[in-house]
Amino acid sequence: MGTAAMLRAAGVGVGDEVVVPAFGNVEVAEAVALTGALPVFADIDPVTYCLDVSAVEAAVTSRTAAVVVVHRFGRRADIARLHEVGQRHELFVLEQGESEAPYDEMAQRRERAAYLDAKLKGVQTPDGGDGHTYQQYVVRVPGNGRPDRDAFARALRAKGVDCRVPVKTPVHRLPEFRRCVALPQTERASDETLALPVDASLTKREMQRIVSACNALGGLLQPAF
């Protein structure tokens, strides 16, 4: 059953509000809109990239009917506390995960992630807590915003590293869902994050090439002041 169908089954419809993340795919907001409800964007936790509990609570109004929680990059949201918010305000809390690598690949992904954690310099490596499965290995490129991250990505691709920007534009900045709302952690993450490869098929030499390419660039970028 799709997100829109599950929301409808919970009684969500016209006149309702549904709290959703803006950091991620537009499909979640589109699913809310399909029910006739209004997507309301809340900020993310800068470590997990999932909905921030306090931000969700602050976004709740008398019209809020549900929250859609998306687990991001292999890290889980603080679902226990989000369910507490749901119970407190009598909201339907719907969880969504991203597509996951097969179980037998997870150990290999964790091995490659641990290697990058130990070797990378000049970028902020992901926090590996709470059973991170590294569906994506997302680093932050320090600097003065998007131009530095994008230049960093172009330079890595030129060296043969298959990196990608996980969220190019947050949903609240897209024309069809544009909102005048302050989501500082979402916008900063959209400007700074970059996904590096940790596929189980990568060889040790390929991992070394990723580290070498990143470290040659990382020292050139200074944190924003």
# chains A, B, ... in the order shown; residues from 1 in each chain; ligands from 1
$ closest_atom_pairs --of "segment 80-178 of chain A" --to "segment 23-45 of chain A" --cutoff "10 Å" --atoms "only C-alpha atoms" --output "tab-separated table"
residue	atom	partner	partner_atom	distance
A:Gln96	CA	A:Val28	CA	9.2
A:Pro166	CA	A:Gly24	CA	7.9
A:Val167	CA	A:Gly24	CA	5.9
A:Lys168	CA	A:Gly24	CA	8.9
A:Thr169	CA	A:Phe23	CA	8.0
A:Pro170	CA	A:Phe23	CA	5.1
A:Val171	CA	A:Val26	CA	5.8
A:His172	CA	A:Phe41	CA	7.0
A:Leu174	CA	A:Val26	CA	8.7
A:Glu176	CA	A:Glu30	CA	9.4
A:Phe177	CA	A:Ala29	CA	8.0
$ select_by_dssp --residues "chain A" --states "strand (DSSP E or B)" --output "VMD selection string"
chain A and resid 17 to 21 38 to 42 44 51 64 to 70 72 75 92 to 96 124 137 to 140 164 193 to 196
$ residues_around --residues "segment 69-80 of chain A" --least-positions-apart "3" --cutoff "7 Å" --atoms "only C-alpha atoms" --output "JSON, numbers by chain"
{"A": [20, 48, 49, 50, 51, 83, 84, 94, 95, 96, 97, 98, 132, 133, 134, 135, 136]}
$ select_by_dssp --residues "segment 5-199 of chain A" --states "alpha helix (DSSP H)" --output "PyMOL selection string"
chain A and resi 5-9+27-34+53-59+79-89+103-119+146-158+184-192
$ closest_residue --among "A:Leu120, A:Arg178, A:Arg164, A:Asp127" --to "Ala213 of chain A" --atoms "only C-alpha atoms"
A:Leu120
$ closest_residue --among "A:Gln208, A:Ala200, A:Val161, A:Cys214" --to "Tyr103 of chain A" --atoms "only C-alpha atoms"
A:Ala200
$ closest_residue --among "A:Asp52, A:Asp162, A:Asp104, A:Glu206" --to "Gln185 of chain A" --atoms "only C-alpha atoms"
A:Asp52
$ residues_around --residues "Phe92 of chain A" --least-positions-apart "4" --cutoff "12 Å" --atoms "only C-alpha atoms" --output "VMD selection string"
chain A and resid 6 to 12 16 to 19 64 to 69 82 to 88
$ closest_residue --among "A:Lys159, A:Met1, A:Asp130, A:Ala182" --to "Ala59 of chain A" --atoms "only C-alpha atoms"
A:Ala182
$ closest_residue --among "A:Ile210, A:Val138, A:Leu91, A:Leu156" --to "Ala195 of chain A" --atoms "only C-alpha atoms"
A:Val138
$ closest_residue --among "A:Ala101, A:Leu183, A:Ala151, A:Leu217" --to "Asp199 of chain A" --atoms "only C-alpha atoms"
A:Ala101
$ decode --residues "segment 21-167 of chain A" --atoms "C-alpha atoms" --output "JSON list (two decimals), in the first residue's frame"
[["chain", "number", "residue", "atom", "x", "y", "z"],
["A", 21, "PRO", "CA", 10.58, 16.30, 5.86],
["A", 22, "ALA", "CA", 11.75, 18.68, 3.13],
["A", 23, "PHE", "CA", 15.16, 16.98, 2.96],
["A", 24, "GLY", "CA", 14.57, 14.13, 0.55],
["A", 25, "ASN", "CA", 12.35, 13.03, -2.28],
["A", 26, "VAL", "CA", 9.34, 15.03, -3.40],
["A", 27, "GLU", "CA", 7.21, 11.85, -3.50],
["A", 28, "VAL", "CA", 6.26, 12.11, 0.18],
["A", 29, "ALA", "CA", 4.83, 15.62, -0.21],
["A", 30, "GLU", "CA", 3.12, 14.54, -3.43],
["A", 31, "ALA", "CA", 1.48, 11.61, -1.63],
["A", 32, "VAL", "CA", 0.13, 13.98, 1.04],
["A", 33, "ALA", "CA", -1.21, 16.31, -1.64],
["A", 34, "LEU", "CA", -2.98, 13.36, -3.33],
["A", 35, "THR", "CA", -5.10, 12.90, -0.21],
["A", 36, "GLY", "CA", -6.16, 16.56, -0.33],
["A", 37, "ALA", "CA", -4.17, 17.36, 2.81],
["A", 38, "LEU", "CA", -1.45, 20.00, 3.12],
["A", 39, "PRO", "CA", 2.20, 18.95, 3.57],
["A", 40, "VAL", "CA", 3.85, 20.94, 6.37],
["A", 41, "PHE", "CA", 7.65, 20.83, 6.38],
["A", 42, "ALA", "CA", 9.67, 20.34, 9.57],
["A", 43, "ASP", "CA", 13.43, 20.53, 9.98],
["A", 44, "ILE", "CA", 15.81, 17.58, 10.30],
["A", 45, "ASP", "CA", 18.29, 16.37, 12.87],
["A", 46, "PRO", "CA", 21.74, 17.26, 11.43],
["A", 47, "VAL", "CA", 23.20, 13.88, 12.45],
["A", 48, "THR", "CA", 20.57, 11.44, 11.22],
["A", 49, "TYR", "CA", 19.07, 13.63, 8.43],
["A", 50, "CYS", "CA", 15.65, 12.43, 9.63],
["A", 51, "LEU", "CA", 12.86, 14.56, 11.10],
["A", 52, "ASP", "CA", 13.85, 16.38, 14.29],
["A", 53, "VAL", "CA", 11.46, 15.60, 17.15],
["A", 54, "SER", "CA", 11.34, 19.16, 18.48],
["A", 55, "ALA", "CA", 10.76, 20.55, 14.99],
["A", 56, "VAL", "CA", 7.86, 18.15, 14.47],
["A", 57, "GLU", "CA", 6.29, 19.15, 17.77],
["A", 58, "ALA", "CA", 6.65, 22.83, 16.87],
["A", 59, "ALA", "CA", 4.94, 22.23, 13.52],
["A", 60, "VAL", "CA", 1.84, 20.62, 15.02],
["A", 61, "THR", "CA", -1.39, 22.66, 14.87],
["A", 62, "SER", "CA", -5.04, 21.90, 15.49],
["A", 63, "ARG", "CA", -5.28, 20.75, 11.86],
["A", 64, "THR", "CA", -2.36, 18.29, 12.00],
["A", 65, "ALA", "CA", -3.55, 14.73, 11.39],
["A", 66, "ALA", "CA", -0.36, 12.80, 10.69],
["A", 67, "VAL", "CA", 3.43, 12.70, 10.48],
["A", 68, "VAL", "CA", 5.37, 10.87, 7.76],
["A", 69, "VAL", "CA", 8.78, 9.81, 9.08],
["A", 70, "VAL", "CA", 11.44, 8.84, 6.52],
["A", 71, "HIS", "CA", 14.49, 6.87, 7.65],
["A", 72, "ARG", "CA", 17.40, 8.29, 5.68],
["A", 73, "PHE", "CA", 20.66, 6.87, 4.23],
["A", 74, "GLY", "CA", 20.60, 3.82, 6.54],
["A", 75, "ARG", "CA", 20.08, 5.80, 9.75],
["A", 76, "ARG", "CA", 16.79, 5.52, 11.61],
["A", 77, "ALA", "CA", 14.81, 8.46, 12.93],
["A", 78, "ASP", "CA", 14.13, 8.73, 16.67],
["A", 79, "ILE", "CA", 10.91, 6.83, 16.14],
["A", 80, "ALA", "CA", 10.14, 6.19, 19.81],
["A", 81, "ARG", "CA", 10.05, 9.91, 20.61],
["A", 82, "LEU", "CA", 8.17, 10.67, 17.39],
["A", 83, "HIS", "CA", 5.51, 8.14, 18.37],
["A", 84, "GLU", "CA", 5.30, 9.88, 21.76],
["A", 85, "VAL", "CA", 4.57, 13.13, 19.93],
["A", 86, "GLY", "CA", 1.95, 11.30, 17.89],
["A", 87, "GLN", "CA", 0.28, 9.88, 20.97],
["A", 88, "ARG", "CA", 0.37, 13.23, 22.76],
["A", 89, "HIS", "CA", -1.36, 15.00, 19.87],
["A", 90, "GLU", "CA", -3.41, 12.02, 18.60],
["A", 91, "LEU", "CA", -1.59, 11.88, 15.26],
["A", 92, "PHE", "CA", -1.10, 9.00, 12.82],
["A", 93, "VAL", "CA", 2.65, 8.33, 12.52],
["A", 94, "LEU", "CA", 3.69, 6.64, 9.27],
["A", 95, "GLU", "CA", 7.23, 5.31, 8.83],
["A", 96, "GLN", "CA", 8.98, 5.05, 5.49],
["A", 97, "GLY", "CA", 12.35, 3.48, 4.78],
["A", 98, "GLU", "CA", 14.54, 3.83, 1.75],
["A", 99, "SER", "CA", 15.35, 0.83, -0.43],
["A", 100, "GLU", "CA", 17.98, -1.24, 1.32],
["A", 101, "ALA", "CA", 20.88, -3.30, 0.08],
["A", 102, "PRO", "CA", 20.57, -7.06, 0.61],
["A", 103, "TYR", "CA", 21.39, -8.20, 4.13],
["A", 104, "ASP", "CA", 24.54, -10.04, 3.08],
["A", 105, "GLU", "CA", 25.96, -6.79, 1.70],
["A", 106, "MET", "CA", 25.49, -4.79, 4.90],
["A", 107, "ALA", "CA", 28.60, -6.15, 6.64],
["A", 108, "GLN", "CA", 30.70, -5.30, 3.60],
["A", 109, "ARG", "CA", 29.21, -1.81, 3.42],
["A", 110, "ARG", "CA", 30.01, -1.29, 7.10],
["A", 111, "GLU", "CA", 33.60, -2.45, 6.49],
["A", 112, "ARG", "CA", 34.03, 0.06, 3.68],
["A", 113, "ALA", "CA", 32.40, 2.79, 5.74],
["A", 114, "ALA", "CA", 34.77, 2.06, 8.64],
["A", 115, "TYR", "CA", 37.72, 2.32, 6.25],
["A", 116, "LEU", "CA", 36.52, 5.72, 5.01],
["A", 117, "ASP", "CA", 35.84, 6.88, 8.58],
["A", 118, "ALA", "CA", 39.45, 6.13, 9.51],
["A", 119, "LYS", "CA", 41.12, 7.52, 6.39],
["A", 120, "LEU", "CA", 39.15, 10.56, 5.19],
["A", 121, "LYS", "CA", 40.36, 14.05, 6.08],
["A", 122, "GLY", "CA", 38.90, 17.43, 5.22],
["A", 123, "VAL", "CA", 35.29, 16.21, 5.13],
["A", 124, "GLN", "CA", 32.90, 15.43, 7.97],
["A", 125, "THR", "CA", 32.20, 11.69, 8.03],
["A", 126, "PRO", "CA", 28.77, 10.33, 9.02],
["A", 127, "ASP", "CA", 27.88, 9.35, 12.56],
["A", 128, "GLY", "CA", 27.68, 5.57, 12.60],
["A", 129, "GLY", "CA", 25.42, 5.17, 15.65],
["A", 130, "ASP", "CA", 22.12, 3.32, 16.00],
["A", 131, "GLY", "CA", 22.87, 0.48, 13.60],
["A", 132, "HIS", "CA", 23.73, 2.55, 10.54],
["A", 133, "THR", "CA", 23.44, 0.29, 7.48],
["A", 134, "TYR", "CA", 25.12, 2.77, 5.09],
["A", 135, "GLN", "CA", 22.60, 2.61, 2.28],
["A", 136, "GLN", "CA", 24.48, 5.76, 1.40],
["A", 137, "TYR", "CA", 27.77, 7.02, 2.88],
["A", 138, "VAL", "CA", 27.04, 10.73, 3.21],
["A", 139, "VAL", "CA", 29.78, 13.18, 4.15],
["A", 140, "ARG", "CA", 29.67, 16.92, 4.60],
["A", 141, "VAL", "CA", 32.01, 19.15, 2.65],
["A", 142, "PRO", "CA", 32.95, 22.11, 4.82],
["A", 143, "GLY", "CA", 33.12, 25.51, 3.21],
["A", 144, "ASN", "CA", 30.87, 28.39, 2.33],
["A", 145, "GLY", "CA", 27.88, 26.48, 1.01],
["A", 146, "ARG", "CA", 26.87, 24.86, -2.25],
["A", 147, "PRO", "CA", 29.64, 26.14, -4.60],
["A", 148, "ASP", "CA", 32.32, 24.43, -2.49],
["A", 149, "ARG", "CA", 30.47, 21.10, -2.30],
["A", 150, "ASP", "CA", 29.65, 21.15, -5.99],
["A", 151, "ALA", "CA", 33.22, 22.03, -6.98],
["A", 152, "PHE", "CA", 34.44, 19.22, -4.70],
["A", 153, "ALA", "CA", 32.05, 16.77, -6.38],
["A", 154, "ARG", "CA", 33.15, 17.80, -9.88],
["A", 155, "ALA", "CA", 36.79, 17.34, -8.94],
["A", 156, "LEU", "CA", 36.12, 13.86, -7.52],
["A", 157, "ARG", "CA", 34.23, 12.80, -10.65],
["A", 158, "ALA", "CA", 37.15, 14.01, -12.75],
["A", 159, "LYS", "CA", 39.31, 11.57, -10.75],
["A", 160, "GLY", "CA", 36.90, 8.71, -11.44],
["A", 161, "VAL", "CA", 35.03, 8.73, -8.10],
["A", 162, "ASP", "CA", 31.30, 8.09, -8.59],
["A", 163, "CYS", "CA", 29.92, 10.52, -6.01],
["A", 164, "ARG", "CA", 26.52, 12.20, -6.02],
["A", 165, "VAL", "CA", 24.57, 14.96, -4.29],
["A", 166, "PRO", "CA", 21.81, 13.18, -2.33],
["A", 167, "VAL", "CA", 19.36, 16.12, -2.15]]
